[in-house]
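Q: My structure is stored as model_4.cif, with mmCIF, C-alpha atoms.
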data_run
#
loop_
_atom_site.group_PDB
_atom_site.id
_atom_site.type_symbol
_atom_site.label_atom_id
_atom_site.label_comp_id
_atom_site.auth_asym_id
_atom_site.auth_seq_id
_atom_site.Cartn_x
_atom_site.Cartn_y
_atom_site.Cartn_z
ATOM 1 C CA MET A 1 -30.025 -5.414 -30.859
ATOM 2 C CA LYS A 2 -27.450 -2.807 -29.908
ATOM 3 C CA GLU A 3 -23.831 -3.381 -30.810
ATOM 4 C CA TRP A 4 -21.918 -5.176 -28.054
ATOM 5 C CA TRP A 5 -19.514 -2.304 -27.599
ATOM 6 C CA VAL A 6 -22.404 0.067 -26.922
ATOM 7 C CA GLN A 7 -23.696 -2.248 -24.224
ATOM 8 C CA VAL A 8 -20.209 -2.504 -22.696
ATOM 9 C CA GLY A 9 -19.944 1.285 -22.761
ATOM 10 C CA LEU A 10 -23.306 1.722 -21.053
ATOM 11 C CA VAL A 11 -22.060 -0.458 -18.211
ATOM 12 C CA THR A 12 -18.440 0.737 -18.074
ATOM 13 C CA VAL A 13 -18.996 4.499 -18.089
ATOM 14 C CA PRO A 14 -21.229 4.574 -14.989
ATOM 15 C CA LEU A 15 -18.881 2.203 -13.164
ATOM 16 C CA LEU A 16 -15.926 4.389 -14.059
ATOM 17 C CA ALA A 17 -17.799 7.490 -12.947
ATOM 18 C CA VAL A 18 -18.578 5.852 -9.610
ATOM 19 C CA TYR A 19 -14.975 4.760 -9.136
ATOM 20 C CA LEU A 20 -13.641 8.239 -9.772
ATOM 21 C CA HIS A 21 -15.551 9.434 -6.719
ATOM 22 C CA ILE A 22 -14.467 6.666 -4.379
ATOM 23 C CA PRO A 23 -12.412 8.325 -1.623
ATOM 24 C CA PRO A 24 -9.014 6.931 -0.663
ATOM 25 C CA PRO A 25 -8.932 4.360 2.157
ATOM 26 C CA LYS A 26 -8.766 5.716 5.685
ATOM 27 C CA LEU A 27 -5.358 5.789 7.291
ATOM 28 C CA SER A 28 -4.635 2.782 9.482
ATOM 29 C CA PRO A 29 -3.509 3.372 13.080
ATOM 30 C CA ALA A 30 0.057 2.631 11.930
ATOM 31 C CA LEU A 31 -0.063 5.267 9.176
ATOM 32 C CA LEU A 32 -1.782 7.761 11.470
ATOM 33 C CA SER A 33 1.008 7.286 13.988
ATOM 34 C CA TRP A 34 3.655 7.712 11.279
ATOM 35 C CA ARG A 35 2.088 10.935 10.037
ATOM 36 C CA SER A 36 1.490 12.369 13.499
ATOM 37 C CA SER A 37 5.139 11.743 14.361
ATOM 38 C CA GLY A 38 6.239 13.884 11.426
ATOM 39 C CA GLY A 39 5.651 17.321 10.015
ATOM 40 C CA PHE A 40 5.704 19.357 6.827
ATOM 41 C CA PHE A 41 7.970 21.934 5.285
ATOM 42 C CA THR A 42 7.359 23.987 2.156
ATOM 43 C CA TYR A 43 9.491 23.616 -0.931
ATOM 44 C CA LYS A 44 8.442 26.390 -3.290
ATOM 45 C CA ASP A 45 4.644 26.002 -3.061
ATOM 46 C CA GLN A 46 4.618 22.283 -2.231
ATOM 47 C CA ASN A 47 4.035 20.753 1.199
ATOM 48 C CA ILE A 48 6.563 18.011 1.829
ATOM 49 C CA PHE A 49 6.134 15.481 4.633
ATOM 50 C CA TYR A 50 9.133 14.407 6.696
ATOM 51 C CA ARG A 51 10.050 12.663 9.931
ATOM 52 C CA ASP A 52 12.963 13.693 12.108
ATOM 53 C CA SER A 53 13.756 11.617 15.195
ATOM 54 C CA SER A 54 16.422 12.312 17.770
ATOM 55 C CA GLY A 55 18.294 9.182 18.687
ATOM 56 C CA ALA A 56 21.586 8.069 20.142
ATOM 57 C CA VAL A 57 23.074 10.197 22.893
ATOM 58 C CA GLY A 58 26.742 10.977 22.353
ATOM 59 C CA SER A 59 26.548 10.638 18.570
ATOM 60 C CA SER A 60 26.477 13.559 16.171
ATOM 61 C CA ASP A 61 25.842 11.406 13.106
ATOM 62 C CA VAL A 62 22.850 12.118 10.868
ATOM 63 C CA VAL A 63 21.228 9.736 8.392
ATOM 64 C CA VAL A 64 18.744 10.772 5.699
ATOM 65 C CA LEU A 65 16.584 8.036 4.167
ATOM 66 C CA LEU A 66 15.415 8.186 0.553
ATOM 67 C CA HIS A 67 12.532 5.861 -0.353
ATOM 68 C CA GLY A 68 11.578 4.058 -3.553
ATOM 69 C CA PHE A 69 8.764 3.955 -6.100
ATOM 70 C CA PRO A 70 5.769 3.770 -5.687
ATOM 71 C CA THR A 71 5.809 3.785 -1.915
ATOM 72 C CA SER A 72 6.896 6.319 0.732
ATOM 73 C CA SER A 73 9.012 7.073 3.778
ATOM 74 C CA TYR A 74 6.960 4.450 5.615
ATOM 75 C CA ASP A 75 9.193 1.879 3.857
ATOM 76 C CA TRP A 76 11.734 2.531 6.634
ATOM 77 C CA TYR A 77 9.504 1.872 9.629
ATOM 78 C CA LYS A 78 10.907 -1.585 10.384
ATOM 79 C CA ILE A 79 14.465 -0.283 10.835
ATOM 80 C CA TRP A 80 13.635 3.165 12.243
ATOM 81 C CA GLU A 81 14.133 2.291 15.902
ATOM 82 C CA GLY A 82 17.355 0.432 15.147
ATOM 83 C CA LEU A 83 18.719 3.480 13.345
ATOM 84 C CA THR A 84 17.851 5.785 16.238
ATOM 85 C CA GLN A 85 20.032 3.637 18.497
ATOM 86 C CA ARG A 86 23.038 4.459 16.310
ATOM 87 C CA PHE A 87 22.379 7.938 14.900
ATOM 88 C CA HIS A 88 21.777 11.254 16.607
ATOM 89 C CA ARG A 89 19.212 12.225 13.949
ATOM 90 C CA VAL A 90 17.202 9.908 11.691
ATOM 91 C CA ILE A 91 15.386 11.788 8.924
ATOM 92 C CA ALA A 92 13.110 10.619 6.122
ATOM 93 C CA LEU A 93 10.806 12.397 3.691
ATOM 94 C CA ASP A 94 8.081 11.642 1.200
ATOM 95 C CA PHE A 95 9.211 12.890 -2.197
ATOM 96 C CA VAL A 96 6.770 15.184 -3.968
ATOM 97 C CA GLY A 97 4.152 12.941 -5.588
ATOM 98 C CA PHE A 98 4.493 10.279 -2.871
ATOM 99 C CA GLY A 99 3.022 9.437 0.527
ATOM 100 C CA PHE A 100 1.701 12.399 2.511
ATOM 101 C CA SER A 101 3.457 15.043 0.398
ATOM 102 C CA ASP A 102 1.656 17.120 -2.206
ATOM 103 C CA LYS A 103 0.961 15.435 -5.546
ATOM 104 C CA PRO A 104 0.437 18.276 -8.015
ATOM 105 C CA ARG A 105 -0.916 17.655 -11.495
ATOM 106 C CA PRO A 106 -0.106 18.464 -14.138
ATOM 107 C CA HIS A 107 3.502 18.603 -13.011
ATOM 108 C CA HIS A 108 6.909 17.803 -14.435
ATOM 109 C CA TYR A 109 8.250 15.298 -11.899
ATOM 110 C CA SER A 110 11.998 14.881 -12.062
ATOM 111 C CA ILE A 111 14.925 13.425 -10.150
ATOM 112 C CA PHE A 112 16.497 16.888 -10.195
ATOM 113 C CA GLU A 113 13.526 18.382 -8.356
ATOM 114 C CA GLN A 114 13.510 15.586 -5.777
ATOM 115 C CA ALA A 115 17.216 16.178 -5.089
ATOM 116 C CA SER A 116 16.526 19.886 -4.600
ATOM 117 C CA ILE A 117 13.740 19.008 -2.158
ATOM 118 C CA VAL A 118 16.182 16.907 -0.107
ATOM 119 C CA GLU A 119 18.595 19.841 -0.069
ATOM 120 C CA GLY A 120 15.714 22.099 0.983
ATOM 121 C CA LEU A 121 14.811 19.798 3.859
ATOM 122 C CA VAL A 122 18.408 19.687 5.075
ATOM 123 C CA ARG A 123 18.504 23.505 5.054
ATOM 124 C CA HIS A 124 15.109 23.672 6.769
ATOM 125 C CA LEU A 125 16.458 21.498 9.585
ATOM 126 C CA GLY A 126 19.604 23.610 9.911
ATOM 127 C CA LEU A 127 21.871 20.764 8.825
ATOM 128 C CA HIS A 128 23.346 22.256 5.647
ATOM 129 C CA HIS A 129 26.778 22.536 7.290
ATOM 130 C CA HIS A 130 26.546 19.023 8.751
ATOM 131 C CA ARG A 131 27.913 15.912 7.055
ATOM 132 C CA ILE A 132 25.027 13.640 6.051
ATOM 133 C CA ASN A 133 24.888 9.872 5.642
ATOM 134 C CA LEU A 134 22.505 8.923 2.819
ATOM 135 C CA LEU A 135 20.641 5.602 2.854
ATOM 136 C CA SER A 136 18.565 5.043 -0.265
ATOM 137 C CA HIS A 137 16.392 2.482 -2.033
ATOM 138 C CA ASP A 138 15.186 2.080 -5.637
ATOM 139 C CA TYR A 139 13.982 5.511 -6.903
ATOM 140 C CA GLY A 140 15.826 7.047 -3.965
ATOM 141 C CA ASP A 141 19.100 5.620 -5.291
ATOM 142 C CA THR A 142 18.833 7.870 -8.343
ATOM 143 C CA VAL A 143 18.032 10.903 -6.200
ATOM 144 C CA ALA A 144 21.124 10.045 -4.129
ATOM 145 C CA GLN A 145 23.220 9.838 -7.308
ATOM 146 C CA GLU A 146 22.126 13.347 -8.312
ATOM 147 C CA LEU A 147 22.907 14.635 -4.800
ATOM 148 C CA LEU A 148 26.325 12.991 -5.050
ATOM 149 C CA HIS A 149 26.975 14.625 -8.426
ATOM 150 C CA ARG A 150 26.160 18.050 -6.975
ATOM 151 C CA TYR A 151 28.355 17.439 -3.937
ATOM 152 C CA GLU A 152 31.313 16.273 -6.021
ATOM 153 C CA HIS A 153 31.001 19.321 -8.287
ATOM 154 C CA ASN A 154 30.651 21.789 -5.384
ATOM 155 C CA LYS A 155 27.256 22.963 -6.541
ATOM 156 C CA THR A 156 25.785 25.823 -4.501
ATOM 157 C CA GLY A 157 23.345 24.484 -1.933
ATOM 158 C CA SER A 158 24.519 20.889 -2.185
ATOM 159 C CA ILE A 159 24.509 18.844 0.985
ATOM 160 C CA LEU A 160 27.727 17.540 2.495
ATOM 161 C CA ILE A 161 27.710 13.773 1.987
ATOM 162 C CA ASN A 162 29.565 11.676 4.538
ATOM 163 C CA SER A 163 28.614 8.279 3.087
ATOM 164 C CA LEU A 164 26.177 6.697 0.645
ATOM 165 C CA CYS A 165 24.480 3.316 0.897
ATOM 166 C CA LEU A 166 22.365 2.195 -2.061
ATOM 167 C CA SER A 167 19.893 -0.689 -2.216
ATOM 168 C CA ASN A 168 18.142 -2.462 -5.108
ATOM 169 C CA GLY A 169 17.822 0.510 -7.447
ATOM 170 C CA GLY A 170 18.083 0.879 -11.207
ATOM 171 C CA ILE A 171 21.550 2.373 -11.027
ATOM 172 C CA PHE A 172 22.390 1.024 -14.479
ATOM 173 C CA PRO A 173 19.638 1.413 -17.101
ATOM 174 C CA GLU A 174 21.056 -1.547 -19.039
ATOM 175 C CA THR A 175 20.385 -3.961 -16.153
ATOM 176 C CA HIS A 176 17.092 -2.406 -15.042
ATOM 177 C CA TYR A 177 13.887 -4.215 -16.056
ATOM 178 C CA PRO A 178 10.764 -2.179 -15.230
ATOM 179 C CA ARG A 179 7.530 -4.051 -14.633
ATOM 180 C CA PHE A 180 5.135 -4.371 -17.568
ATOM 181 C CA ILE A 181 2.593 -2.004 -16.027
ATOM 182 C CA GLN A 182 5.326 0.612 -15.530
ATOM 183 C CA LYS A 183 6.214 0.483 -19.218
ATOM 184 C CA ILE A 184 2.571 0.882 -20.196
ATOM 185 C CA LEU A 185 1.979 3.811 -17.839
ATOM 186 C CA LYS A 186 5.121 5.781 -18.691
ATOM 187 C CA ASP A 187 4.615 5.496 -22.460
ATOM 188 C CA GLY A 188 0.873 4.953 -22.673
ATOM 189 C CA GLY A 189 -0.096 8.435 -23.806
ATOM 190 C CA LEU A 190 -3.842 8.975 -23.519
ATOM 191 C CA LEU A 191 -4.285 5.417 -22.262
ATOM 192 C CA SER A 192 -2.299 6.046 -19.059
ATOM 193 C CA PRO A 193 -4.861 8.313 -17.308
ATOM 194 C CA ILE A 194 -7.587 5.739 -17.923
ATOM 195 C CA ILE A 195 -5.469 2.903 -16.519
ATOM 196 C CA MET A 196 -4.523 4.974 -13.476
ATOM 197 C CA ARG A 197 -8.144 5.775 -12.712
ATOM 198 C CA LEU A 198 -9.053 2.104 -12.969
ATOM 199 C CA MET A 199 -6.200 1.012 -10.716
ATOM 200 C CA ASN A 200 -7.454 -0.658 -7.546
ATOM 201 C CA PHE A 201 -6.093 -2.413 -4.486
ATOM 202 C CA PHE A 202 -6.171 -5.857 -6.085
ATOM 203 C CA VAL A 203 -4.169 -4.787 -9.141
ATOM 204 C CA PHE A 204 -1.772 -2.753 -7.011
ATOM 205 C CA SER A 205 -1.073 -5.509 -4.490
ATOM 206 C CA ARG A 206 -0.607 -8.143 -7.186
ATOM 207 C CA GLY A 207 1.831 -5.928 -9.053
ATOM 208 C CA LEU A 208 3.833 -4.943 -5.996
ATOM 209 C CA GLY A 209 3.822 -8.489 -4.652
ATOM 210 C CA ALA A 210 5.719 -9.609 -7.750
ATOM 211 C CA VAL A 211 8.813 -7.730 -6.568
ATOM 212 C CA PHE A 212 8.763 -9.280 -3.088
ATOM 213 C CA GLY A 213 10.138 -12.736 -2.440
ATOM 214 C CA PRO A 214 7.687 -15.653 -2.118
ATOM 215 C CA TYR A 215 8.538 -16.098 1.580
ATOM 216 C CA THR A 216 8.660 -12.390 2.429
ATOM 217 C CA GLN A 217 5.340 -11.121 1.103
ATOM 218 C CA PRO A 218 3.750 -8.172 2.923
ATOM 219 C CA SER A 219 0.673 -8.878 5.014
ATOM 220 C CA GLN A 220 -2.724 -7.736 3.796
ATOM 221 C CA ALA A 221 -2.562 -4.839 6.251
ATOM 222 C CA GLU A 222 0.860 -3.806 4.933
ATOM 223 C CA TYR A 223 -0.409 -3.847 1.361
ATOM 224 C CA TRP A 224 -3.322 -1.652 2.399
ATOM 225 C CA ASP A 225 -0.934 0.805 4.055
ATOM 226 C CA MET A 226 1.105 1.029 0.852
ATOM 227 C CA TRP A 227 -2.016 1.481 -1.263
ATOM 228 C CA THR A 228 -3.422 4.075 1.121
ATOM 229 C CA ALA A 229 -0.198 6.074 0.910
ATOM 230 C CA VAL A 230 -0.453 5.996 -2.894
ATOM 231 C CA ARG A 231 -4.124 7.024 -2.922
ATOM 232 C CA THR A 232 -3.605 9.882 -0.436
ATOM 233 C CA ASN A 233 -3.941 13.203 -2.284
ATOM 234 C CA ASP A 234 -4.912 11.278 -5.445
ATOM 235 C CA GLY A 235 -1.402 9.951 -5.920
ATOM 236 C CA ASN A 236 -2.631 7.255 -8.296
ATOM 237 C CA LEU A 237 -3.294 10.021 -10.837
ATOM 238 C CA VAL A 238 0.344 11.146 -11.051
ATOM 239 C CA VAL A 239 2.045 7.762 -11.375
ATOM 240 C CA ASP A 240 2.577 8.098 -15.114
ATOM 241 C CA SER A 241 4.282 11.472 -14.653
ATOM 242 C CA ILE A 242 6.557 10.164 -11.910
ATOM 243 C CA LEU A 243 7.499 7.142 -14.017
ATOM 244 C CA GLN A 244 9.358 9.399 -16.414
ATOM 245 C CA TYR A 245 12.291 8.841 -14.056
ATOM 246 C CA ILE A 246 12.984 5.655 -16.031
ATOM 247 C CA ASN A 247 13.622 7.701 -19.153
ATOM 248 C CA GLN A 248 15.595 10.240 -17.110
ATOM 249 C CA ARG A 249 17.916 7.470 -15.917
ATOM 250 C CA LYS A 250 18.743 6.574 -19.509
ATOM 251 C CA LYS A 251 19.207 10.175 -20.579
ATOM 252 C CA HIS A 252 21.465 11.088 -17.651
ATOM 253 C CA ARG A 253 23.293 7.783 -17.223
ATOM 254 C CA GLU A 254 26.723 9.316 -17.697
ATOM 255 C CA ARG A 255 26.036 11.982 -15.080
ATOM 256 C CA TRP A 256 24.614 9.652 -12.440
ATOM 257 C CA VAL A 257 26.787 6.569 -12.911
ATOM 258 C CA GLY A 258 29.749 8.896 -13.324
ATOM 259 C CA ALA A 259 29.047 10.396 -9.907
ATOM 260 C CA LEU A 260 29.415 6.948 -8.337
ATOM 261 C CA MET A 261 32.533 6.120 -10.319
ATOM 262 C CA SER A 262 34.406 9.279 -9.406
ATOM 263 C CA THR A 263 33.430 9.774 -5.780
ATOM 264 C CA SER A 264 35.720 9.398 -2.791
ATOM 265 C CA VAL A 265 32.713 9.157 -0.469
ATOM 266 C CA PRO A 266 32.435 5.746 1.274
ATOM 267 C CA LEU A 267 30.039 3.743 -0.891
ATOM 268 C CA HIS A 268 28.092 0.579 -0.093
ATOM 269 C CA LEU A 269 25.392 -1.568 -1.675
ATOM 270 C CA ILE A 270 22.858 -3.721 0.165
ATOM 271 C CA TYR A 271 21.301 -6.115 -2.320
ATOM 272 C CA GLY A 272 18.402 -8.542 -2.267
ATOM 273 C CA PRO A 273 19.447 -11.039 -4.981
ATOM 274 C CA LEU A 274 15.968 -12.321 -5.889
ATOM 275 C CA ASP A 275 15.102 -8.900 -7.329
ATOM 276 C CA PRO A 276 13.398 -9.242 -10.755
ATOM 277 C CA VAL A 277 13.847 -5.519 -11.445
ATOM 278 C CA ASN A 278 17.643 -5.525 -11.015
ATOM 279 C CA PRO A 279 18.310 -9.246 -11.435
ATOM 280 C CA HIS A 280 21.122 -11.383 -10.108
ATOM 281 C CA PRO A 281 23.798 -12.041 -11.260
ATOM 282 C CA GLU A 282 23.634 -9.526 -14.117
ATOM 283 C CA PHE A 283 23.191 -6.424 -11.958
ATOM 284 C CA LEU A 284 25.713 -7.399 -9.296
ATOM 285 C CA GLN A 285 28.388 -8.352 -11.815
ATOM 286 C CA LEU A 286 28.093 -4.986 -13.536
ATOM 287 C CA TYR A 287 28.035 -3.139 -10.214
ATOM 288 C CA LYS A 288 31.271 -4.763 -9.036
ATOM 289 C CA LYS A 289 32.918 -4.189 -12.409
ATOM 290 C CA VAL A 290 31.974 -0.507 -12.666
ATOM 291 C CA LEU A 291 32.314 0.323 -8.943
ATOM 292 C CA PRO A 292 35.142 -1.872 -7.595
ATOM 293 C CA MET A 293 35.822 0.569 -4.741
ATOM 294 C CA SER A 294 32.336 0.002 -3.296
ATOM 295 C CA THR A 295 31.693 -2.574 -0.599
ATOM 296 C CA VAL A 296 28.694 -4.888 -1.027
ATOM 297 C CA SER A 297 26.347 -6.825 1.254
ATOM 298 C CA VAL A 298 24.302 -9.539 -0.458
ATOM 299 C CA LEU A 299 21.368 -10.717 1.652
ATOM 300 C CA ASP A 300 19.838 -14.205 1.711
ATOM 301 C CA ASP A 301 18.809 -15.780 -1.591
ATOM 302 C CA HIS A 302 15.074 -15.347 -0.906
ATOM 303 C CA ILE A 303 15.264 -11.566 -0.357
ATOM 304 C CA SER A 304 14.014 -9.511 -3.288
ATOM 305 C CA HIS A 305 13.460 -5.864 -4.250
ATOM 306 C CA TYR A 306 12.430 -4.438 -0.829
ATOM 307 C CA PRO A 307 15.217 -5.726 1.438
ATOM 308 C CA GLN A 308 14.542 -3.259 4.279
ATOM 309 C CA LEU A 309 11.006 -4.661 4.576
ATOM 310 C CA GLU A 310 11.746 -8.294 3.725
ATOM 311 C CA ASP A 311 14.782 -8.712 5.973
ATOM 312 C CA PRO A 312 14.939 -5.693 8.297
ATOM 313 C CA THR A 313 17.415 -7.327 10.692
ATOM 314 C CA GLY A 314 19.806 -8.375 7.931
ATOM 315 C CA PHE A 315 19.459 -5.005 6.230
ATOM 316 C CA LEU A 316 20.056 -3.033 9.420
ATOM 317 C CA ASN A 317 23.066 -5.146 10.407
ATOM 318 C CA ALA A 318 24.588 -4.745 6.950
ATOM 319 C CA TYR A 319 24.118 -0.997 7.073
ATOM 320 C CA LEU A 320 25.510 -0.553 10.578
ATOM 321 C CA ASN A 321 28.524 -2.712 9.719
ATOM 322 C CA PHE A 322 29.187 -0.353 6.804
ATOM 323 C CA ILE A 323 28.731 2.806 8.902
ATOM 324 C CA ASN A 324 31.016 1.473 11.617
ATOM 325 C CA SER A 325 33.744 0.535 9.117
ATOM 326 C CA PHE A 326 35.035 4.059 8.492
#
Take the structure in the file and write it out as structure tokens.

A:
Amino acid sequence: MKEWWVQVGLVTVPLLAVYLHIPPPKLSPALLSWRSSGGFFTYKDQNIFYRDSSGAVGSSDVVVLLHGFPTSSYDWYKIWEGLTQRFHRVIALDFVGFGFSDKPRPHHYSIFEQASIVEGLVRHLGLHHHRINLLSHDYGDTVAQELLHRYEHNKTGSILINSLCLSNGGIFPETHYPRFIQKILKDGGLLSPIIMRLMNFFVFSRGLGAVFGPYTQPSQAEYWDMWTAVRTNDGNLVVDSILQYINQRKKHRERWVGALMSTSVPLHLIYGPLDPVNPHPEFLQLYKKVLPMSTVSVLDDHISHYPQLEDPTGFLNAYLNFINSF
């Protein structure tokens, strides 16, 4: 009788080979509409997806939205219309490696590159002399911190920041608790590519669901949209490379936290307190201690890591109250 591991291998290898050729899910009508409402610009040799909507008449204000990991600009769809009623231009992009943007591999994904892409988009849209309001979430918070550092140090090509609103991001490495699967993928070495190729909708939705509140879980269709955005352009195969941002946060803590501490730009935090990644009260206590000049909006107790999706009305109201306060 053959060894058990040989039998397992004879079954596993063909299954793995079949899975590797399974195409990504088809775009839902909602995702098709989102993509068709946007466009692409080229940063170096990479195609970057973005949306740019004209909104409120009589306003000259511009807001740029920076999404989180592992999702995409589609994270903002629930508050998009509300933002267009306040801002003249509402702009969002998919960072390289995310959503509809290119997902090169091998590639050194970095927060620095993502910040440069945002600057490139602002130039592409002819807004490099315009003051920009930044609204960010999770991974996007760190990109915003790098943009703020460049602005405060008058770096060539930096965008002019009018205000910054952060939400549920790992601003402080010491109060940031990545999910178990994230730790495995970012430090898994040769194991990471195998895990990424075996990732499926069930595993993805279970993992992502853990950072939503129990009463604010996405619908099955919403989970599929998130998974489809990841799988587009084989994005599941670059997750381990993107996850190096966790190590980058630790390495560049002084630079990125320092940017928040020294800025005179109006600063705000919108926080879902049930967040297991940046948990309450530890995160909020440190935030208020380190950044006492920042204003803070804490949403209802059952709101977790994706506040703009879990409580879009509360999130939008908190943001507009901040914008209208200066």

Q: Rounded to one decimal in Å, what is the spacing between atom CA of A:Asn133 and atom CA of A:Leu299?

A: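 Value for the atom CA of A:Asn133-atom CA of A:Leu299 distance: 21.3 Å.
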
Q: Pick from A:Met196, A:Val265, A:Val290, A:Val64: nearest to A:Phe172, with all atoms listed in the file counted?

A: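 Smallest distance to A:Phe172 is found for A:Val290.
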
Q: Applying the PyMOL selection byres ((chain A and resi 210) around 12) to the file I just gave you, which residues come out? Please list them as a list in words.

A: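 Answer for the PyMOL selection byres ((chain A and resi 210) around 12): Pro178, Arg179, Phe180, Ile181, Val203, Phe204, Ser205, Arg206, Gly207, Leu208, Gly209, Val211, Phe212, Gly213, Pro214, Tyr215, Thr216, Gln217, Pro218, Leu274, Asp275, Pro276, Val277, Ser304, His305 and Tyr306 of chain A.
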
Q: Considering all atoms listed in the file, can you say which of A:Gln244, A:Gln285, A:Ser36, A:Asn278 comes closest to A:Gln182?

A: A:Gln244

Q: Got a sec: who's within 9 Å of A:Leu134, counting all atoms listed in the file, leaving out chain neighbours fewer than 3 positions off, as a PDB file with C-alpha atoms, keeping the file's coordinate frame?

A:
ATOM      1  CA  VAL A  62      22.850  12.118  10.868  1.00  0.00           C
ATOM      2  CA  VAL A  63      21.228   9.736   8.392  1.00  0.00           C
ATOM      3  CA  VAL A  64      18.744  10.772   5.699  1.00  0.00           C
ATOM      4  CA  LEU A  65      16.584   8.036   4.167  1.00  0.00           C
ATOM      5  CA  LEU A  66      15.415   8.186   0.553  1.00  0.00           C
ATOM      6  CA  ALA A 144      21.124  10.045  -4.129  1.00  0.00           C
ATOM      7  CA  ILE A 161      27.710  13.773   1.987  1.00  0.00           C
ATOM      8  CA  ASN A 162      29.565  11.676   4.538  1.00  0.00           C
ATOM      9  CA  SER A 163      28.614   8.279   3.087  1.00  0.00           C
ATOM     10  CA  LEU A 164      26.177   6.697   0.645  1.00  0.00           C
ATOM     11  CA  CYS A 165      24.480   3.316   0.897  1.00  0.00           C
ATOM     12  CA  LEU A 166      22.365   2.195  -2.061  1.00  0.00           C
TER      13      LEU A 166
END

Q: Could you please determine the separation between atom CA of A:Ile184 and atom CA of A:Gly169 in Å, to one decimal place?

A: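 Those two atoms sit 19.9 Å apart.
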
Q: Hey, what comes out of the PyMOL selection byres ((chain A and resi 67) around 12) on this file? Could you write it as a PyMOL selection string?

A: chain A and resi 50+64-66+68-77+91-96+98-99+114+118+134-144+166-169+306+308-309

Q: Take atom CA of A:Ile323 and atom CA of A:Gly126 and report the distance between them in Å, one decimal.

A: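 Distance reported for this atom pair: 22.7 Å.
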
Q: So for stretch 158-164 of chain A, what box centre and size do we get, axis-aligned, 8 Å extra on each of the six sides, every listed atom, Å to one decimal, as lines of an AutoDock Vina configuration file?

A:
center_x = 27.0
center_y = 13.8
center_z = 1.2
size_x = 21.1
size_y = 30.2
size_z = 22.7

Q: When the PyMOL selection byres ((chain A and resi 79) around 10) is applied to the structure above, which residues does it catch, written out as a count of residues only?

A: 17

Q: Which residue gives the smallest distance to A:Val296 among A:Asp240, A:Leu267, A:Ala221, A:Gly314, with all atoms listed in the file counted?

A: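 Among the listed residues, the smallest separation from A:Val296 belongs to A:Leu267.
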